[in-house]
Structure formats: structure tokens, C-alpha cells
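J.: One structure follows; several queries about it will come next.
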Amino acid sequence: MKYETIGSPISYGGLQLKNRIIFAPTSMGLTQDEYFEKIRRIAAGGCAMIIIGDVPVLKGGFGPSLYTRKGFAFYRRLAEIVHKEDCRICAQLHQSDSNLAAMIRYLPGVLTHKISMQDLRVLLNQQVGPYITGMPVRKIRKITEGFGKAAQLARQAGFDMVQVHGDRMCGSFSSSVFNHRTDEYGGSAEHRARFAVECVQAVHRSVPDLPIDYKLAVRQENPHYGNAGVLVEELSVFVPLLEQAGVTSFHVTLANHSNLEDTIPGAKHPQFSAEGCFLPFCDAVRQYTSLPICGVGGLTSPDFVEKQLADGRIDCAAMCRQLIADPDWVNKTLHGQTGDIHRCLRCNRKCLGGIQQHQGVHCIYEGGNRT
Ligand SMILES: Cc1cc2nc3c(=O)[nH]c(=O)nc-3n(C[C@H](O)[C@H](O)[C@H](O)COP(=O)(O)O)c2cc1C
Ligand code: SF4
């Protein structure tokens, strides 16, 4: 078969996947029923696992909470929907690094439209450094332990795996751009890795047999992209420490906290316009681990994806926009129908654009047409 590697099963950090394609974590801004249906369609299209984006680690986080009866039922239903389509499901455990007190301060400006959502993002990003640097150790411990508790609840709700979101708070603690602490959580790369390592350890302690994926956010200099996360030169410290803590696979991408269009790059992005634009970061991570690595970012071509997998450059390929554009990408690829695939154009018009305009994630192909 032409796409033999794409269609081949793999033990991904101990979790058996039926093929190599994963739906990348994606917050959708849809109503509950629309979201269930979108996730069901993607699972039915043949991918091996779906990562549910931004599952809050603490009780007070944004979005459905694992800690409330309603939120827990929401996740349990999601797991049932995905499993019914013979697909695995992973919860991305997410802790925001936005300072809630600052957010409340800006709220009147947002409500009176004096501050746009884009401006708010910039203002909140400016608060990340002081917030991370000044956080009391007591609060740090509460959050890291929260990862363990959330993982336990995710397992009870039916998730097969968790992904520790290594951007956001983990990424900000990791980054010398934001983290200016002088205690054991700041300074050297070892110290900056401590927060993420403790999150992973807490998950491993509370559910020892649960595979732990880590979204490893890598930032680049010359030219500079990404502010949170780990420099390529620091991977030799971070990757082994995370592996020792209990990580069983890595999902590698560019770090955030710059323009969203850098981590979700459009077709005309000056640096990341190519197919598989973030795979060089996977090559860098590969030097320090033999654990499975999942690539993400601009993966749309069956031939290209097959080659990266067959060459062993990556073990799995995650797609966000391509599976929004065509949930049947996997089935079409494996059944000789690649010519029928709606290839994602990386226009960002209705997926990222839909979120930014508060209309939820959609695609120009919806309804069978490009609109
Ligand atoms: C609408 C949208 C929502 C996203 N939500 C999340 C999220 O909740 N968590 C996350 O880690 N990444 C999120 N991402 C980033 C994707 O997981 C992925 O890394 C990025 O889109 C690049 O992959 P792609 O080229 O296959 O789209 C989102 C991307 C899009 C377009
Ligand atoms: S709207 Fe454009 S970028 Fe978004 S999924 Fe559809 S084709 Fe891809």
C-alpha cells in the first residue's frame, strides 16, 4: 500500500494507536452540540486519536471543568463519542498564565470596546513575566498538584491519555523571557524546568499507568519566534528531565506568546509557510530522546506525511486545520482517494478567523463549497 506507514499501528508512549494520525488540540468556540458533532465527524474520518484542547487543571479555570458534575459529564460524553468511532482520546491539561486580577482590570475597557481582543492579548502577555516571577511557592504547589488531580478525573471520565500543555504556564516558567525568579523555579534551565517537571510528576504519581504526552513548545532565535517555551539550545536539559519525570511522548511545536499566526501559520507566513514547518524542532528534540515524537504544523500532503513517518523523522503526525478542512483525510488517504481530499489552504479565514470573530471554528469548505 502506498501509505503503509500512515496506516500502520504504533505504541504511542504505551498507548496503542491504530494509525499515525492525531487530531491536534483545538479549542473551537462552538455550542456543545455543534462541538460533539464536529469531534464525532473527525473521529469517524479515521484518525487514531483526538486531543481535546485546553482542559482546565484547576477548579476555577475557563471552559468545562472536570471538577463539576456538568463538566465531568461533558467530558465523559466526549470520550464515549470518540470511542464509539474506534478512536482514542487525550485530554490536554491546561493552566493559563494570564493574571486574572489584570484581566479584571481590563474588563471595563473590553466591554466598552476601548480595548479590542487583540489589544487585550498584548496587555495580558505583558503581565505574564511579573505574574510568573512573583508567584508564591504555595500557589505553584497548588497548580502542580492540580495537574495530578485533573489527570485522575480525566482518566475517570474515559480519557486514554493526557497531554501536559507545555506552553502557557509550563512554557512561561520554562522561558527566560518571562521567568525572572531567583528561587529554585528560576535562573538556570534546570530550575526553569522544575515547574513543568513537577506537573508531569504529579500526573505520574496520581495515575501511574496513564501515558503522558508533553506539548513541547520550542522557541527560535535568528529570527526570533515565540516567547514562552524552550530554546533549541536548552532541549538537552529539558527533554531528559521531562522524560525522567514520566513523559512518554513529545508533541513538538513552536512556542507561543507572540502572534497566534506564528503557531498557526498561514500560507504566506515569512518563516513557516512550508509543509511540515515545525519539523526541524522535532529533529532537534530527537537528539535527546528515543520516545515517540509527534510533529504538527502545516501537515496536509499524504505523500509528504508518509515520507516523514517512513523516514522515522516523526512517529505520529498531528493535524488541526487539515482535519477541520476534511475530517476524512485519513480514510481517503488509506482508501486510494487522495484526489478527493479538501486540502487545507492555510488561509485561516474561518478556523482561526472564526474563533477571533466569536463565530466558532468553521472552514471555507463547509457546505461543499469554498466560500
Ligand atoms: C482554531 C484553533 C484552535 C486551537 N486551539 C488550540 C488549543 O486549544 N491548544 C493548543 O495547544 N493548540 C491549539 N491550536 C494549535 C493547533 O493544535 C496546531 O498546533 C496548529 O494549528 C498548527 O497545526 P496545523 O497546521 O495542523 O493547523 C489551535 C489551532 C486552531 C487553528
Ligand atoms: S478555513 Fe482555510 S485554513 Fe482554516 S481549515 Fe479551512 S482551508 Fe484550512
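Every chain in the C-alpha cells takes a letter, A first, then B, and so on in the order presented; its residues are numbered from 1, and the ligands are numbered from 1 following the presented order.
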Any chance you could tabulate, as a Markdown table, the residues of chain A at most 7 Å from ligand 1 with each one's nearest atom pair and distance in Å to one decimal, using only C-alpha atoms and all ligand atoms, in chain and rising number order?
T.:
```
| residue | atom | partner | partner_atom_place_in_ligand_line | distance |
| --- | --- | --- | --- | --- |
| A:Ala24 | CA | ligand 1 | 17 (O) | 4.4 |
| A:Pro25 | CA | ligand 1 | 17 (O) | 4.3 |
| A:Thr26 | CA | ligand 1 | 5 (N) | 3.4 |
| A:Ser27 | CA | ligand 1 | 5 (N) | 4.0 |
| A:Met28 | CA | ligand 1 | 1 (C) | 5.8 |
| A:Gly53 | CA | ligand 1 | 8 (O) | 3.8 |
| A:Asp54 | CA | ligand 1 | 8 (O) | 4.7 |
| A:His165 | CA | ligand 1 | 11 (O) | 6.5 |
| A:Thr253 | CA | ligand 1 | 19 (O) | 6.6 |
| A:Thr263 | CA | ligand 1 | 20 (C) | 5.9 |
| A:Ile264 | CA | ligand 1 | 21 (O) | 4.4 |
| A:Pro265 | CA | ligand 1 | 25 (O) | 6.7 |
| A:Val296 | CA | ligand 1 | 23 (O) | 5.2 |
| A:Gly297 | CA | ligand 1 | 25 (O) | 3.6 |
| A:Gly298 | CA | ligand 1 | 25 (O) | 3.6 |
| A:Leu299 | CA | ligand 1 | 26 (O) | 5.7 |
| A:Ala318 | CA | ligand 1 | 26 (O) | 6.4 |
| A:Met319 | CA | ligand 1 | 26 (O) | 3.7 |
| A:Cys320 | CA | ligand 1 | 26 (O) | 3.8 |
| A:Arg321 | CA | ligand 1 | 27 (O) | 3.9 |
| A:Gln322 | CA | ligand 1 | 26 (O) | 5.8 |
| A:Cys351 | CA | ligand 1 | 1 (C) | 4.9 |
| A:Leu352 | CA | ligand 1 | 1 (C) | 4.3 |
| A:Ile355 | CA | ligand 1 | 1 (C) | 6.1 |
| A:Val361 | CA | ligand 1 | 1 (C) | 5.7 |
```
J.: Residues contacting ligand 2 - anything with an atom at most 10 Å away, using only C-alpha atoms and all ligand atoms - can you give me those as JSON, numbers by chain?
T.: {"A": [264, 265, 266, 267, 298, 300, 320, 321, 322, 323, 324, 325, 326, 342, 343, 344, 345, 346, 347, 348, 349, 350, 351, 352, 353, 354, 361, 362, 363, 364, 365, 366, 370, 371]}
J.: Please, which residues in region 210-303 of chain A fall within 10 Å of region 91-94 of chain A when counting only C-alpha atoms, and what is the closest atom pair and distance in Å to one decimal for each, ordered by chain then residue number, as JSON lines?
T.:
```
{"residue": "A:Ile212", "atom": "CA", "partner": "A:Ala91", "partner_atom": "CA", "distance": 9.9}
{"residue": "A:Asp213", "atom": "CA", "partner": "A:Gln92", "partner_atom": "CA", "distance": 8.7}
{"residue": "A:Tyr214", "atom": "CA", "partner": "A:Gln92", "partner_atom": "CA", "distance": 9.0}
{"residue": "A:Lys215", "atom": "CA", "partner": "A:Gln92", "partner_atom": "CA", "distance": 8.7}
```
J.: Keeping only C-alpha atoms, write those residues as a compact mmCIF listing (two decimals), in the first residue's frame.
T.:
```
# COMPACT_ATOMS: atom_id res chain seq x y z
CA ILE A 212 1.72 11.34 29.37
CA ASP A 213 2.22 13.33 26.19
CA TYR A 214 4.05 16.66 26.57
CA LYS A 215 3.37 19.57 24.24
```
J.: Would you give me, as a PDB file with C-alpha atoms, in the first residue's frame, the residues in region 15-212 of chain A that DSSP reads as alpha helix (DSSP H)?
T.:
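Final output, saved to result_14.pdb:
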```pdb
ATOM      1  CA  GLN A  32     -21.957  21.878  22.999  1.00  0.00           C
ATOM      2  CA  ASP A  33     -23.982  20.014  20.373  1.00  0.00           C
ATOM      3  CA  GLU A  34     -22.018  21.525  17.489  1.00  0.00           C
ATOM      4  CA  TYR A  35     -18.776  20.595  19.235  1.00  0.00           C
ATOM      5  CA  PHE A  36     -19.856  16.987  19.891  1.00  0.00           C
ATOM      6  CA  GLU A  37     -20.817  16.621  16.235  1.00  0.00           C
ATOM      7  CA  LYS A  38     -17.557  18.177  14.973  1.00  0.00           C
ATOM      8  CA  ILE A  39     -15.477  15.860  17.172  1.00  0.00           C
ATOM      9  CA  ARG A  40     -17.574  12.844  16.128  1.00  0.00           C
ATOM     10  CA  ARG A  41     -17.016  13.650  12.433  1.00  0.00           C
ATOM     11  CA  ILE A  42     -13.276  13.969  12.931  1.00  0.00           C
ATOM     12  CA  ALA A  43     -13.135  10.664  14.844  1.00  0.00           C
ATOM     13  CA  ALA A  44     -15.274   8.965  12.167  1.00  0.00           C
ATOM     14  CA  ARG A  69     -20.843  17.333  37.734  1.00  0.00           C
ATOM     15  CA  LYS A  70     -21.855  19.061  34.477  1.00  0.00           C
ATOM     16  CA  GLY A  71     -18.286  19.448  33.215  1.00  0.00           C
ATOM     17  CA  PHE A  72     -17.359  15.878  34.101  1.00  0.00           C
ATOM     18  CA  ALA A  73     -20.464  14.613  32.257  1.00  0.00           C
ATOM     19  CA  PHE A  74     -19.413  16.726  29.242  1.00  0.00           C
ATOM     20  CA  TYR A  75     -16.001  15.049  29.079  1.00  0.00           C
ATOM     21  CA  ARG A  76     -17.440  11.599  29.693  1.00  0.00           C
ATOM     22  CA  ARG A  77     -19.836  12.099  26.762  1.00  0.00           C
ATOM     23  CA  LEU A  78     -16.951  13.280  24.561  1.00  0.00           C
ATOM     24  CA  ALA A  79     -14.950  10.157  25.417  1.00  0.00           C
ATOM     25  CA  GLU A  80     -17.959   7.960  24.602  1.00  0.00           C
ATOM     26  CA  ILE A  81     -18.495   9.694  21.251  1.00  0.00           C
ATOM     27  CA  VAL A  82     -14.855   9.306  20.268  1.00  0.00           C
ATOM     28  CA  HIS A  83     -14.525   5.697  21.454  1.00  0.00           C
ATOM     29  CA  LYS A  84     -17.673   4.725  19.538  1.00  0.00           C
ATOM     30  CA  LEU A 100      -6.836  37.052  36.450  1.00  0.00           C
ATOM     31  CA  ALA A 101      -6.530  40.232  38.520  1.00  0.00           C
ATOM     32  CA  ALA A 102      -5.102  42.062  35.486  1.00  0.00           C
ATOM     33  CA  MET A 103      -7.830  40.641  33.288  1.00  0.00           C
ATOM     34  CA  ILE A 104     -10.492  42.041  35.617  1.00  0.00           C
ATOM     35  CA  ARG A 105      -8.792  45.438  35.470  1.00  0.00           C
ATOM     36  CA  TYR A 106      -9.082  45.493  31.665  1.00  0.00           C
ATOM     37  CA  LEU A 107     -12.666  44.195  31.608  1.00  0.00           C
ATOM     38  CA  PRO A 108     -14.421  47.629  31.551  1.00  0.00           C
ATOM     39  CA  GLY A 109     -12.247  48.646  28.560  1.00  0.00           C
ATOM     40  CA  VAL A 110     -13.134  45.410  26.745  1.00  0.00           C
ATOM     41  CA  LEU A 111     -16.857  45.803  27.488  1.00  0.00           C
ATOM     42  CA  MET A 117      -9.451  41.370  21.971  1.00  0.00           C
ATOM     43  CA  GLN A 118      -6.161  41.697  20.082  1.00  0.00           C
ATOM     44  CA  ASP A 119      -5.080  44.563  22.379  1.00  0.00           C
ATOM     45  CA  LEU A 120      -6.153  42.541  25.421  1.00  0.00           C
ATOM     46  CA  ARG A 121      -3.905  39.698  24.294  1.00  0.00           C
ATOM     47  CA  VAL A 122      -0.933  42.072  24.089  1.00  0.00           C
ATOM     48  CA  LEU A 123      -1.728  43.590  27.510  1.00  0.00           C
ATOM     49  CA  LEU A 124      -2.093  40.191  29.155  1.00  0.00           C
ATOM     50  CA  ASN A 125       1.149  38.975  27.560  1.00  0.00           C
ATOM     51  CA  GLN A 126       2.913  41.942  29.172  1.00  0.00           C
ATOM     52  CA  GLN A 127       1.682  40.713  32.574  1.00  0.00           C
ATOM     53  CA  VAL A 128       2.974  37.157  32.180  1.00  0.00           C
ATOM     54  CA  GLY A 129       6.554  37.888  33.279  1.00  0.00           C
ATOM     55  CA  PRO A 130       5.668  39.686  36.528  1.00  0.00           C
ATOM     56  CA  TYR A 131       2.918  37.132  37.265  1.00  0.00           C
ATOM     57  CA  ILE A 132       5.203  34.112  36.874  1.00  0.00           C
ATOM     58  CA  THR A 133       8.135  35.786  38.582  1.00  0.00           C
ATOM     59  CA  GLY A 134       6.089  36.861  41.612  1.00  0.00           C
ATOM     60  CA  VAL A 137       5.543  28.839  46.031  1.00  0.00           C
ATOM     61  CA  ARG A 138       2.307  27.896  47.843  1.00  0.00           C
ATOM     62  CA  LYS A 139       0.349  28.731  44.693  1.00  0.00           C
ATOM     63  CA  ILE A 140       2.856  26.914  42.476  1.00  0.00           C
ATOM     64  CA  ARG A 141       2.360  23.732  44.514  1.00  0.00           C
ATOM     65  CA  LYS A 142      -1.432  24.067  44.290  1.00  0.00           C
ATOM     66  CA  ILE A 143      -1.200  24.250  40.497  1.00  0.00           C
ATOM     67  CA  THR A 144       1.295  21.422  40.052  1.00  0.00           C
ATOM     68  CA  GLU A 145      -0.800  19.174  42.316  1.00  0.00           C
ATOM     69  CA  GLY A 146      -3.832  20.257  40.265  1.00  0.00           C
ATOM     70  CA  PHE A 147      -2.305  18.559  37.224  1.00  0.00           C
ATOM     71  CA  GLY A 148      -2.346  15.274  39.162  1.00  0.00           C
ATOM     72  CA  LYS A 149      -5.930  15.682  40.317  1.00  0.00           C
ATOM     73  CA  ALA A 150      -7.127  16.701  36.835  1.00  0.00           C
ATOM     74  CA  ALA A 151      -5.368  13.691  35.278  1.00  0.00           C
ATOM     75  CA  GLN A 152      -7.132  11.384  37.725  1.00  0.00           C
ATOM     76  CA  LEU A 153     -10.513  12.885  36.842  1.00  0.00           C
ATOM     77  CA  ALA A 154      -9.712  12.747  33.109  1.00  0.00           C
ATOM     78  CA  ARG A 155      -8.942   9.042  33.425  1.00  0.00           C
ATOM     79  CA  GLN A 156     -12.238   8.504  35.322  1.00  0.00           C
ATOM     80  CA  ALA A 157     -14.092  10.382  32.556  1.00  0.00           C
ATOM     81  CA  ARG A 168       1.048  28.539  28.719  1.00  0.00           C
ATOM     82  CA  MET A 169       2.080  28.299  32.377  1.00  0.00           C
ATOM     83  CA  CYS A 170       4.583  25.456  31.890  1.00  0.00           C
ATOM     84  CA  GLY A 171       6.027  27.322  28.908  1.00  0.00           C
ATOM     85  CA  SER A 172       6.260  30.625  30.750  1.00  0.00           C
ATOM     86  CA  PHE A 173       8.076  29.061  33.705  1.00  0.00           C
ATOM     87  CA  SER A 174      10.407  27.390  31.175  1.00  0.00           C
ATOM     88  CA  ALA A 189      17.487  25.846  32.606  1.00  0.00           C
ATOM     89  CA  GLU A 190      17.268  23.073  35.268  1.00  0.00           C
ATOM     90  CA  HIS A 191      15.478  25.446  37.626  1.00  0.00           C
ATOM     91  CA  ARG A 192      13.160  26.804  34.931  1.00  0.00           C
ATOM     92  CA  ALA A 193      12.234  23.206  34.025  1.00  0.00           C
ATOM     93  CA  ARG A 194      11.183  22.476  37.634  1.00  0.00           C
ATOM     94  CA  PHE A 195       7.588  23.689  37.315  1.00  0.00           C
ATOM     95  CA  ALA A 196       6.871  21.536  34.219  1.00  0.00           C
ATOM     96  CA  VAL A 197       8.717  18.577  35.742  1.00  0.00           C
ATOM     97  CA  GLU A 198       6.605  18.805  38.920  1.00  0.00           C
ATOM     98  CA  CYS A 199       3.386  18.951  36.838  1.00  0.00           C
ATOM     99  CA  VAL A 200       4.405  15.783  34.997  1.00  0.00           C
ATOM    100  CA  GLN A 201       5.477  14.083  38.251  1.00  0.00           C
ATOM    101  CA  ALA A 202       2.104  14.923  39.830  1.00  0.00           C
ATOM    102  CA  VAL A 203       0.280  13.296  36.898  1.00  0.00           C
ATOM    103  CA  HIS A 204       2.526  10.234  37.042  1.00  0.00           C
ATOM    104  CA  ARG A 205       2.086   9.925  40.822  1.00  0.00           C
ATOM    105  CA  SER A 206      -1.685  10.101  40.741  1.00  0.00           C
TER     106      SER A 206
END
```
J.: Take CA of Glu234 (chain A) and CA of Tyr12 (chain A) and report the distance between them in Å, one decimal.
T.: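 Between CA of Glu234 (chain A) and CA of Tyr12 (chain A) the gap works out to 24.6 Å.
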J.: Using DSSP on the backbone, list every residue of region 19-207 of chain A that comes out as strand (DSSP E or B), and give them as number ranges by chain.
T.: A: 21-23, 49-56, 88-94, 161-165
J.: Have a look at CA of Ile6 (chain A) and CA of Val330 (chain A) and let me know their distance in Å, one decimal.
T.: 8.3 Å
J.: From the set A:Ala255, A:Val237, A:Leu260, A:Ile314, which residue has the shortest atom-to-atom contact distance to Ser188 (chain A), counting only C-alpha atoms?
T.: A:Val237
J.: Do you know which residues are at most 12 Å from Val285 (chain A) counting only C-alpha atoms, after dropping those on the same chain fewer than 2 positions away, and could you put them as an MDAnalysis selection string?
T.: chainID A and resid 215:218 230:240 242:243 249:253 278:283 287:295 313:314
J.: Using only C-alpha atoms, which of the listed residues (A:Ser273, A:Gln357, A:Asn227, A:Asn99) sits closest to Leu254 (chain A)?
T.: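 Closest residue, counting only C-alpha atoms: A:Asn227.
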J.: My list of candidates is A:Gln271, A:Cys277, A:Ser96, A:Arg181. Which is closest to Glu221 (chain A) when distances are computed with only C-alpha atoms?
T.: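 Under the stated criterion, the closest residue is A:Gln271.
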